[in-house]
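Encoded as structure tokens, the structure appears first; notes follow it.
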Amino acid sequence: APCPQWPYCRKRCSYCNFNTYVVRALDEAAVRACLVREAQTLLRLSQVHRCVHGMGSEWAQLRPSCPPAAPHPLPCSVTSVFFGGGTPSLASPGTVAAVLEAVAGAAHLPAAAEVTLEANPSSASASRLAGFRAAGVNRLSIGVQSLDDAELRMLGREHTAAEARQAVEAARGLFPGRTSMDLLFGLPGQSRDAWGQRLEAALGLCDDHISLYQLTLERGTALAAQVRGGALPAPPQDLLADMYETARNVLVATGFRHYEVSNFARKGALSTHNLSYWRADEYIGVGPGAHGRFVLRGEGGCSREARVQTPEPITWMREVQSQGHGTRSRAVLNPLQQLEELLSLGLRTDEGITHERWGHFSPQLSLQDVFGEPEEARALQQSGWLVLDSGGLRCTWAGLAVLDSLLPDLLWQLQRA
């Protein structure tokens with residue numbers, strides 16, 4: 001699952017601490033060439049293109065290391081591509097098309113593969129979105145964040161609520177059933193009633209997928225400074241919990257499945273790409289600051305690596321031009337680290353971690369061995385937070401809302417085992 005990153009924005013939002021850059025002039029052709037070359041290099045290192053027909057790609061993606069007497073099995077194809085950012089909708093459709101052509105040339109990209117583009121309403125006109133569809137995009141994720149103009153100004157967003165509605169409506173016309181929208185809650189000064197109104201407005205506008213994120217006041221951002229300085233009030237924790245629980249109940253009552261801590265879908269419109277993260281599949285990060293997790297079969301490797309690309313765009317471009325990729329750091333993940341990631345990510349979903357998936361990473365130590373008998377894990381199950389049964393390990397409805405408070409005990413239990 002390649003994840004091309006477009007790190008550029010027109011402006012930095014007041015709450016943003018992502019690896020984003022605002023530049024006066026941009027040589028898009030040069031950036032495009034580097035994205036293409038890095039995608040080709042990393043796909044070649046993963047050898048995703050050298051598959052054996054009929055081999056199950058999911059099984060191959062989940063194997064963490066090679067058996068001593070057998071080579072690491074190869075993923076058959078790319079299952080999804082996700083253009084993130086930054087604001088990738090500022091890139092031209094030609095750049096998106098070039099990257100997809102590179103992926104298809106270096107690996108097998110099935111016609112049914114999910115290709116998602118993140119978009120801001122300020123760069124999501126109907127004509128522009130049509131260009132992305134023609135380039136190969138078949139799913140859109142729109143950063144609406146709020147449907148209130150005052151809240152949008154506080155967040156430093158470029159668009160108005162009316163522009164957000166127009167963008168979502170245009171996207172739904174071009175990508176019916178495959179348009180997602182992001183909303184933030186827990187904004188400084190936001191009341192329970194105001195959040196209810198935003199949620200009601202979103203339900204009247206959204207397609208079949210919606211992502212709800214509690215605003216995090218990150219150190220170094222303008223919004224965090226305003227709250228710390230007393231210019232804006234920090235929302236109390238009990239209000240944040242109420243907002244989240246209200247949203248869960250409202251969305252489920254209107255036909256959405258709460259399939260991940262922050263994500264809701266109906267009519268089967270789950271995000272294939274994001275599920276690959278939560279299921280601990282392999283993915284390849286392309287572009288400044290991108291992260292990846294994959295096996296370097298092209299170098300004879302059989303161990304899963306964590307890789308981070310150089311965050312600064314100019315430096316990243318120089319490195320790609322000179323060596324084919326801009327990897328800043330790479331580290332082999334040991335078996336415990338892989339299981340920690342699988343546990344932390346897998347429990348975010350309503351399906352949890354199946355016995356089969358766990359067994360791919362831990363063939364000798366089962367879920368039952370780790371979490372079946374020990375006192376800490378049993379207490380969480382008896383308290384109604386967790387379930388361990390024939391399906392695997394997963395959070396209950398109540399547990400999903402407090403996962404962060406459950407994980408320390410579970411990770412400690414895993415480390416002891």
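Chain lettering (A, B, ...) mirrors the order of the structure tokens, residue numbering begins at 1 for each chain separately, and ligand numbering begins at 1 in order of display.
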**Report entry** For region 276-278 of chain A: contacts at 9 Å, only C-alpha atoms, fewer than 4 positions along chain excluded, given as a VMD selection string
**Finding:** chain A and resid 1 79 to 80 260 271 to 272 282 to 283 341 to 342 344 to 349
Report task. Using DSSP on the backbone coordinates, identify the residues of region 178-380 of chain A assigned to alpha helix (DSSP H); present them as a PyMOL selection string. Result -> chain A and resi 192-205+222-228+237-253+272-278+313-323+335-346+355-361+367-371+375-380
Query - Nearest residue to Leu129 (chain A) from the set A:Val227, A:Leu410, A:Ala91, A:Val99 (distances using only C-alpha atoms) - result: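 Ranking A:Val227, A:Leu410, A:Ala91, A:Val99 by distance to Leu129 (chain A), first place goes to A:Ala91.
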Query raised in the report: If you measure from CA of Gly230 (chain A) to CA of Tyr213 (chain A), what distance in Å do you get, rounded to one decimal?
Result: 23.3 Å
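Secondary structure from DSSP on the backbone puts strand (DSSP E or B) at the following positions of region 233-315 of chain A: Arg257, His258, Tyr259, Glu260, Asn263, Phe264, Ala265, Tyr283, Ile284, Gly285, Val286, His291, Gly292, Arg293, Phe294, Val295, Arg304, Glu305, Ala306, Arg307, Val308 and Gln309 of chain A.
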Query - Counting only C-alpha atoms, the option among A:Gly255, A:Gly384, A:Pro374, A:Gly391 closest to Thr354 (chain A) - result: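 So, comparing all the options, the nearest one is A:Gly391.
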**Report entry** Residue contacts of Ser89 (chain A) (10 Å, only C-alpha atoms) excluding same-chain residues fewer than 3 positions away, as a PyMOL selection string
**Finding:** chain A and resi 6+8-9+83-86+92-93+96+117-125+128-129+132+140+142
